[in-house]
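Please read the structure below before turning to the comments.
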Amino acid sequence: MDLKFLDFEQSIAELEAKIEELRHVGFDNDINISEEIAKLEEKSRKLTESVFSKLSAWQISQLSRHPQRPYTLDYVELMLEDFHELHGDRGFADDPAIVAGMGRLDDRPVMVIGHQKGRDTKEKIYRNFGMPRPEGYRKALRLMRMAERFRLPILCFIDTPGAYPGIGAEERGQSEAIARNLFEMSRLKVPVICTVIGEGGSGGALAIGVGDRLLMLEYSTYSVISPEGCASILWKSADKAELAAEAMGITSDRLESLELVDEILSEPLGGAHRNRHQTADNLRAAINRHLEELVRLPLPTLLERRYERLMSYGVYEDTAA
Amino acid sequence: MAEGEDEDPGVFTVSWFHKKVLSKIRTEALTKSTVPEGLWCKCPACNSILYKAEVERNLEVCPKCSHHMRIHGRKRIHAFLDVEPGTRQEIGETLAPLDPLKFKDSKKYKDRLTQAQKQTSEKDALVVVKGLLRGRPVVVAAFNFEFMAGSMGSVVGERFVRGANICLEQQMPLICFSASGGARMQESLLSLFQMAKTSAALAKLADVGIPFISVMTDPTMGGVSASLAMLGDINIAEPGALIGFAGPRVIEQTVREKLPEGFQRSEFLLEHGAIDMIVDRREMRDRIACLLDMLMHHRDDEPHSGVSRRKNLTVSSSSD
């Protein structure tokens, strides 16, 4: 797969193109230019390091939506064995924008639930761009309850622009579906680890995002509304998304400083898509570490801590205190 | 958020008013200069010219067409609870919003807050009061749409949870009147997480069988609709309220088709099974009191329930 570069990576893209060209020249002419290539590769690495050392919130937002970014099913493939996808909400339909199923993570059976985006146009439409309808959230809830019955820890992978704003979705109770998940997830009797792997878009993300741990990949984002949506409301123009992304503090480091995130998982240089194996290995290690801690907690402690954590959200002043 | 409902009611009628009304009545006494501002208002639904004091007495419901206009949270609570002095206690009134992100768009969040606080005389968009409903101790929460579109930030979430906690400790029902555009963007993820926080508090009430009655009023959208508002043991809506997850404009832009007539209105939600009933504001107090009597019967019958009102109600309702 050819690497795709974003706008702000153009200088890196040019250098990489040059390296690629040189490789072809060397191959054809039998001249030894490997030294030259190595030099350029080093230069490209340094350039990437420098570009990636000062990314703006908007650039990170673009990375979180990178067309080659690993999606839920990619991590499932890289991290789990014996995965069986489970379908349907038993009431209306199966929503391909949310995938779920059981598998083994280093031998431990787990329930995985995640948003799923599509890679090519056809699949993007099939997956509805990762925007779930109520039946997607209801499928998720059905399987979370099943996980609870069979004592399987739940791993949620968050990657959505948001819940789908459509006529049918409203008719079938999008609000209720999201609300119900928040309500039930707060008291699920198994450990729940949520990881933002790409875009954490608003209520549509949170609806599978209540748990005992919140992890974020380094270049993922999590926000109350998309930067474009925020810009069009507060700046009256979607073109100001860059400003909105900055103002809302949607990046993992800003959210960690607000104490909303438990751990940031660093990504390979250039982003998760540059080395998905390494990303998946990091993710697996982190999830295992947190799971080890959580499965050892007595159930009342687990639930109490989850509740306390939920109650701790919020920054306000109490003039009586 | 709905548009076009915020015109100054003092301005619009002048020409019509002069022609049709003032010419027929005592013109010499009622010239424009002697009409105190805001004495009259227009019903946004039927366009009738209404005497404001009468509309207020009618709980901001149009006496002509029964259109439910927006009403301040505090006014609503005042009308909803029993009036006996000394029976009310506000919850979380000492909480005030902060600006942890130093958020600034065309205006600073701090300035928006100050402006909203001045305009409404409230510190934030939710008022929570413990009081009596026909003698039964309850906690009532009500949103102020006027305060930054009733958006839910940290203070709204915390006040709601404190109200729910009182219900939990003192075993009394919780009632919430929502009117909100959704989560407060200026508090970013903190406000998104208020959805989880308030929903978790409601799960605690459900665990021990304390009723939560959710009343959705115009408008109940976004993060408030997708959390506390849809989680009532009984979901009630006022007539004609706009209730939904995504705003109609966003949906129209996404699906590129015209939205069906009455889409996302209370009647539409009732038809699609999202709410239990539509209740007129003027009957809200009686209907909810009646529902709570049934939902709370097992607690009221307990010797230590502290509610001695059950008998009283039977007596007073039979004498009504």
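Naming scheme: A, B, ... for chains in displayed order of the structure tokens; residues 1 onward per chain; ligands 1 onward as shown.
All residues of protein, DNA or RNA that reach within 7 Å of Leu98 (chain B), judged by only C-alpha atoms and not counting those fewer than 3 positions away in the chain, are Val315, Tyr316 and Glu317 of chain A.
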With C-alpha atoms retained, export the selected residues as an mmCIF file, in the first residue's frame.
data_model
loop_
_atom_site.group_PDB
_atom_site.id
_atom_site.type_symbol
_atom_site.label_atom_id
_atom_site.label_comp_id
_atom_site.auth_asym_id
_atom_site.auth_seq_id
_atom_site.Cartn_x
_atom_site.Cartn_y
_atom_site.Cartn_z
ATOM 1 C CA VAL A 315 -14.568 21.678 36.792
ATOM 2 C CA TYR A 316 -16.487 24.283 38.764
ATOM 3 C CA GLU A 317 -16.216 26.616 41.671
#
Legend entry - Spatial neighbours of region 279-290 of chain A, max dist 8 Å, only C-alpha atoms, sep filter under 4 positions, as a PyMOL selection string: chain A and resi 75+78-79+105+193+213+265-268+272+275+294
Inset, instruction - Find the residue from B:Leu101, B:Val255, B:Leu242, B:Ile49 that sits nearest to His68 (chain B); use only C-alpha atoms when measuring. - result: B:Leu242
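Note that CA of Pro219 (chain B) and CA of Ile158 (chain A) are 28.9 Å apart.
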Using only C-alpha atoms, I'd like a table of the residues in chain B that come within 6 Å of chain A; for each, show the closest atom pair and its distance in Å rounded to one decimal, ordered by chain and ascending number, as a tab-separated table.
residue	atom	partner	partner_atom	distance
B:Thr94	CA	A:Thr319	CA	5.2
B:Leu95	CA	A:Asp318	CA	4.5
B:Ala96	CA	A:Glu317	CA	5.1
B:Pro97	CA	A:Tyr316	CA	4.9
B:Leu98	CA	A:Tyr316	CA	5.2
B:Phe103	CA	A:Ala247	CA	5.7
B:Ser154	CA	A:Gly314	CA	4.5
B:Ser188	CA	A:Val224	CA	5.3
B:Leu189	CA	A:Val224	CA	5.2
B:Leu190	CA	A:Gly314	CA	5.7
B:Leu192	CA	A:Val224	CA	5.2
B:Ala196	CA	A:Leu182	CA	5.4
B:Lys197	CA	A:Leu310	CA	5.1
B:Ser199	CA	A:Phe183	CA	4.8
B:Ala200	CA	A:Phe183	CA	5.3
B:Ala203	CA	A:Phe183	CA	5.7
B:Ser225	CA	A:Ser175	CA	5.8
B:Ala226	CA	A:Ser175	CA	3.9
B:Ser227	CA	A:Ala179	CA	4.2
B:Met230	CA	A:Glu176	CA	5.4
B:Phe245	CA	A:Ser175	CA	5.2
B:Ala246	CA	A:Pro165	CA	5.4
B:Ile251	CA	A:Pro165	CA	5.2
Could you write out the selected residues, including all heavy atoms, as a compact mmCIF listing (two decimals), in the first residue's frame?
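That gives us out_31.txt:
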# COMPACT_ATOMS: atom_id res chain seq x y z
N THR B 94 -24.56 27.16 45.30
CA THR B 94 -23.26 27.80 45.50
C THR B 94 -22.27 27.46 44.38
O THR B 94 -21.16 27.97 44.35
CB THR B 94 -22.64 27.34 46.84
OG1 THR B 94 -22.58 25.90 46.82
CG2 THR B 94 -23.46 27.81 48.02
N LEU B 95 -22.68 26.60 43.46
CA LEU B 95 -21.77 26.20 42.38
C LEU B 95 -21.77 27.24 41.27
O LEU B 95 -22.82 27.73 40.87
CB LEU B 95 -22.19 24.85 41.80
CG LEU B 95 -22.28 23.68 42.78
CD1 LEU B 95 -22.74 22.43 42.05
CD2 LEU B 95 -20.92 23.45 43.42
N ALA B 96 -20.59 27.56 40.78
CA ALA B 96 -20.48 28.51 39.68
C ALA B 96 -19.52 27.98 38.62
O ALA B 96 -18.57 27.26 38.94
CB ALA B 96 -20.00 29.86 40.21
N PRO B 97 -19.76 28.31 37.36
CA PRO B 97 -18.93 27.78 36.28
C PRO B 97 -17.53 28.41 36.25
O PRO B 97 -17.35 29.55 36.66
CB PRO B 97 -19.70 28.16 35.02
CG PRO B 97 -20.57 29.31 35.40
CD PRO B 97 -20.88 29.13 36.86
N LEU B 98 -16.58 27.62 35.79
CA LEU B 98 -15.22 28.11 35.54
C LEU B 98 -14.90 27.92 34.06
O LEU B 98 -15.70 27.35 33.32
CB LEU B 98 -14.21 27.33 36.39
CG LEU B 98 -14.28 27.56 37.91
CD1 LEU B 98 -13.35 26.59 38.62
CD2 LEU B 98 -13.92 29.01 38.25
N PHE B 103 -11.49 29.14 26.99
CA PHE B 103 -12.09 29.03 25.67
C PHE B 103 -12.45 30.39 25.09
O PHE B 103 -13.03 31.24 25.75
CB PHE B 103 -13.35 28.18 25.75
CG PHE B 103 -13.87 27.72 24.42
CD1 PHE B 103 -13.56 26.47 23.95
CD2 PHE B 103 -14.66 28.56 23.64
CE1 PHE B 103 -14.04 26.03 22.72
CE2 PHE B 103 -15.13 28.13 22.41
CZ PHE B 103 -14.83 26.87 21.96
N SER B 154 -20.20 21.67 33.33
CA SER B 154 -19.87 21.02 34.60
C SER B 154 -20.86 21.35 35.72
O SER B 154 -21.21 20.48 36.52
CB SER B 154 -18.47 21.44 35.06
OG SER B 154 -17.51 21.06 34.11
N SER B 188 -15.95 21.80 26.30
CA SER B 188 -15.41 20.68 25.53
C SER B 188 -15.73 19.32 26.14
O SER B 188 -16.86 19.05 26.51
CB SER B 188 -13.90 20.87 25.40
OG SER B 188 -13.38 19.94 24.49
N LEU B 189 -14.72 18.45 26.25
CA LEU B 189 -14.97 17.07 26.68
C LEU B 189 -15.55 17.00 28.09
O LEU B 189 -16.27 16.07 28.42
CB LEU B 189 -13.68 16.26 26.60
CG LEU B 189 -13.91 14.76 26.43
CD1 LEU B 189 -14.60 14.48 25.11
CD2 LEU B 189 -12.63 13.98 26.53
N LEU B 190 -15.24 18.01 28.91
CA LEU B 190 -15.82 18.02 30.26
C LEU B 190 -17.33 18.02 30.18
O LEU B 190 -18.01 17.36 30.97
CB LEU B 190 -15.36 19.28 31.01
CG LEU B 190 -13.92 19.28 31.50
CD1 LEU B 190 -13.51 20.69 31.87
CD2 LEU B 190 -13.78 18.35 32.70
N LEU B 192 -19.13 16.92 27.56
CA LEU B 192 -19.56 15.63 27.01
C LEU B 192 -19.68 14.60 28.13
O LEU B 192 -20.63 13.84 28.20
CB LEU B 192 -18.58 15.12 25.94
CG LEU B 192 -19.06 13.87 25.19
CD1 LEU B 192 -20.17 14.22 24.20
CD2 LEU B 192 -17.93 13.16 24.47
N ALA B 196 -22.36 11.21 30.74
CA ALA B 196 -22.10 9.94 31.42
C ALA B 196 -22.34 10.09 32.92
O ALA B 196 -22.90 9.21 33.56
CB ALA B 196 -20.66 9.51 31.15
N LYS B 197 -21.94 11.24 33.45
CA LYS B 197 -22.07 11.48 34.88
C LYS B 197 -23.54 11.49 35.31
O LYS B 197 -23.94 10.78 36.25
CB LYS B 197 -21.41 12.83 35.20
CG LYS B 197 -21.50 13.29 36.64
CD LYS B 197 -20.61 14.52 36.84
CE LYS B 197 -20.80 15.12 38.22
NZ LYS B 197 -19.81 16.19 38.51
N SER B 199 -26.11 10.28 33.70
CA SER B 199 -26.75 8.98 33.43
C SER B 199 -26.38 7.97 34.51
O SER B 199 -27.22 7.14 34.91
CB SER B 199 -26.33 8.44 32.06
OG SER B 199 -26.66 9.37 31.06
N ALA B 200 -25.14 8.01 34.97
CA ALA B 200 -24.70 7.08 36.02
C ALA B 200 -25.45 7.35 37.32
O ALA B 200 -25.85 6.43 38.03
CB ALA B 200 -23.19 7.22 36.24
N ALA B 203 -28.74 5.79 37.07
CA ALA B 203 -28.68 4.33 37.22
C ALA B 203 -28.72 3.96 38.70
O ALA B 203 -29.32 2.96 39.09
CB ALA B 203 -27.42 3.78 36.55
N SER B 225 -30.64 15.46 25.55
CA SER B 225 -31.60 14.48 25.09
C SER B 225 -30.98 13.08 25.11
O SER B 225 -31.64 12.11 25.49
CB SER B 225 -32.07 14.90 23.69
OG SER B 225 -32.34 13.81 22.89
N ALA B 226 -29.70 12.99 24.72
CA ALA B 226 -29.03 11.69 24.65
C ALA B 226 -28.42 11.28 25.99
O ALA B 226 -27.47 10.50 26.04
CB ALA B 226 -27.96 11.70 23.57
N SER B 227 -28.94 11.82 27.08
CA SER B 227 -28.50 11.34 28.38
C SER B 227 -29.70 11.42 29.33
O SER B 227 -30.66 10.68 29.15
CB SER B 227 -27.29 12.13 28.91
OG SER B 227 -27.59 13.49 29.09
N MET B 230 -33.76 11.28 28.27
CA MET B 230 -34.42 10.08 27.73
C MET B 230 -34.47 8.94 28.74
O MET B 230 -34.92 7.85 28.42
CB MET B 230 -33.69 9.61 26.47
CG MET B 230 -34.05 10.39 25.23
SD MET B 230 -35.77 10.09 24.73
CE MET B 230 -35.97 11.39 23.51
N PHE B 245 -31.93 14.13 18.79
CA PHE B 245 -30.47 14.10 18.97
C PHE B 245 -29.82 15.16 18.09
O PHE B 245 -29.29 16.14 18.57
CB PHE B 245 -29.93 12.70 18.67
CG PHE B 245 -28.44 12.62 18.80
CD1 PHE B 245 -27.83 12.82 20.04
CD2 PHE B 245 -27.63 12.38 17.71
CE1 PHE B 245 -26.45 12.78 20.18
CE2 PHE B 245 -26.24 12.33 17.85
CZ PHE B 245 -25.66 12.53 19.08
N ALA B 246 -29.90 14.98 16.79
CA ALA B 246 -29.30 15.96 15.88
C ALA B 246 -30.32 17.04 15.56
O ALA B 246 -31.52 16.78 15.51
CB ALA B 246 -28.87 15.26 14.61
N ILE B 251 -29.55 17.51 10.05
CA ILE B 251 -30.11 16.33 9.40
C ILE B 251 -30.44 16.65 7.94
O ILE B 251 -30.11 15.89 7.03
CB ILE B 251 -31.37 15.83 10.14
CG1 ILE B 251 -31.00 15.38 11.56
CG2 ILE B 251 -32.05 14.70 9.38
CD1 ILE B 251 -32.17 15.02 12.43
Legend entry - Nearest to Val295 (chain A), chosen from A:Lys122, A:His273, A:Arg108, A:Lys117, with only C-alpha atoms counted in the distances: A:Arg108
Inset, instruction - From a DSSP calculation on the backbone, collect every residue of region 46-235 of chain A in strand (DSSP E) and output the set as an NGL selection string. - result: :A and (81-85 or 98-105 or 108-115 or 154-160 or 192-201 or 213-217 or 221-223)
Using C-alpha atoms, can you export the residues from the last selection as a PDB file, in the first residue's frame?
ATOM      1  CA  GLU A  81      -7.078 -14.855  18.157  1.00  0.00           C
ATOM      2  CA  ASP A  82     -10.240 -16.865  17.550  1.00  0.00           C
ATOM      3  CA  PHE A  83     -12.275 -13.786  16.803  1.00  0.00           C
ATOM      4  CA  HIS A  84     -15.935 -14.354  16.040  1.00  0.00           C
ATOM      5  CA  GLU A  85     -17.955 -11.381  14.944  1.00  0.00           C
ATOM      6  CA  ILE A  98     -20.274  -0.824  14.883  1.00  0.00           C
ATOM      7  CA  VAL A  99     -18.561  -4.198  14.939  1.00  0.00           C
ATOM      8  CA  ALA A 100     -18.539  -6.520  17.901  1.00  0.00           C
ATOM      9  CA  GLY A 101     -17.492  -9.991  18.775  1.00  0.00           C
ATOM     10  CA  MET A 102     -15.595 -12.361  21.021  1.00  0.00           C
ATOM     11  CA  GLY A 103     -11.972 -13.321  20.748  1.00  0.00           C
ATOM     12  CA  ARG A 104      -8.916 -14.135  22.782  1.00  0.00           C
ATOM     13  CA  LEU A 105      -6.409 -11.528  23.823  1.00  0.00           C
ATOM     14  CA  ARG A 108      -8.005 -14.339  27.763  1.00  0.00           C
ATOM     15  CA  PRO A 109     -11.476 -14.316  26.184  1.00  0.00           C
ATOM     16  CA  VAL A 110     -12.798 -10.781  25.755  1.00  0.00           C
ATOM     17  CA  MET A 111     -15.715  -8.981  24.141  1.00  0.00           C
ATOM     18  CA  VAL A 112     -14.661  -6.349  21.631  1.00  0.00           C
ATOM     19  CA  ILE A 113     -16.929  -3.530  20.525  1.00  0.00           C
ATOM     20  CA  GLY A 114     -15.811  -0.774  18.208  1.00  0.00           C
ATOM     21  CA  HIS A 115     -16.770   1.719  15.558  1.00  0.00           C
ATOM     22  CA  ILE A 154     -15.111  -5.560  27.461  1.00  0.00           C
ATOM     23  CA  LEU A 155     -12.749  -3.675  25.167  1.00  0.00           C
ATOM     24  CA  CYS A 156     -14.230  -0.693  23.347  1.00  0.00           C
ATOM     25  CA  PHE A 157     -12.517   0.955  20.396  1.00  0.00           C
ATOM     26  CA  ILE A 158     -13.703   4.457  19.627  1.00  0.00           C
ATOM     27  CA  ASP A 159     -13.413   5.858  16.121  1.00  0.00           C
ATOM     28  CA  THR A 160     -16.395   7.791  14.795  1.00  0.00           C
ATOM     29  CA  VAL A 192     -14.495  -2.099  30.626  1.00  0.00           C
ATOM     30  CA  ILE A 193     -11.492  -0.551  28.902  1.00  0.00           C
ATOM     31  CA  CYS A 194     -12.160   2.120  26.301  1.00  0.00           C
ATOM     32  CA  THR A 195      -9.539   3.228  23.813  1.00  0.00           C
ATOM     33  CA  VAL A 196      -9.860   6.096  21.381  1.00  0.00           C
ATOM     34  CA  ILE A 197      -8.062   4.823  18.289  1.00  0.00           C
ATOM     35  CA  GLY A 198      -9.038   7.609  15.885  1.00  0.00           C
ATOM     36  CA  GLU A 199     -11.837  10.115  16.027  1.00  0.00           C
ATOM     37  CA  GLY A 200     -13.793  10.423  19.264  1.00  0.00           C
ATOM     38  CA  GLY A 201     -16.799  12.255  17.910  1.00  0.00           C
ATOM     39  CA  ARG A 213     -10.110   3.117  31.889  1.00  0.00           C
ATOM     40  CA  LEU A 214      -9.884   5.602  29.065  1.00  0.00           C
ATOM     41  CA  LEU A 215      -6.832   5.233  26.856  1.00  0.00           C
ATOM     42  CA  MET A 216      -6.022   7.358  23.843  1.00  0.00           C
ATOM     43  CA  LEU A 217      -3.645   6.756  20.985  1.00  0.00           C
ATOM     44  CA  THR A 221      -8.904  13.112  19.266  1.00  0.00           C
ATOM     45  CA  TYR A 222     -11.943  13.244  21.511  1.00  0.00           C
ATOM     46  CA  SER A 223     -14.375  16.126  21.533  1.00  0.00           C
TER      47      SER A 223
END
Could the residues of region 44-138 of chain B that have an atom at most 7 Å from region 284-292 of chain B be listed as CSV, each with its closest atom pair and the distance in Å to one decimal, counting only C-alpha atoms and ordered by chain and ascending residue number?
residue,atom,partner,partner_atom,distance
B:Phe80,CA,B:Arg285,CA,5.7
B:Leu133,CA,B:Ala289,CA,6.5
B:Arg134,CA,B:Ala289,CA,6.7
Dump of N, CA, C and O atoms for the selected residues, as a short mmCIF file (atom, residue, chain, number, x, y, z; two decimals), in the first residue's frame:
data_model
loop_
_atom_site.label_atom_id
_atom_site.label_comp_id
_atom_site.auth_asym_id
_atom_site.auth_seq_id
_atom_site.Cartn_x
_atom_site.Cartn_y
_atom_site.Cartn_z
N PHE B 80 -44.57 24.70 40.05
CA PHE B 80 -44.73 23.24 40.14
C PHE B 80 -44.83 22.77 41.59
O PHE B 80 -45.60 21.86 41.91
N LEU B 133 -44.41 18.32 46.52
CA LEU B 133 -45.38 18.28 45.43
C LEU B 133 -46.63 17.64 46.01
O LEU B 133 -46.65 16.45 46.30
N ARG B 134 -47.64 18.44 46.22
CA ARG B 134 -48.88 17.99 46.89
C ARG B 134 -48.52 17.24 48.17
O ARG B 134 -49.00 16.14 48.42
#
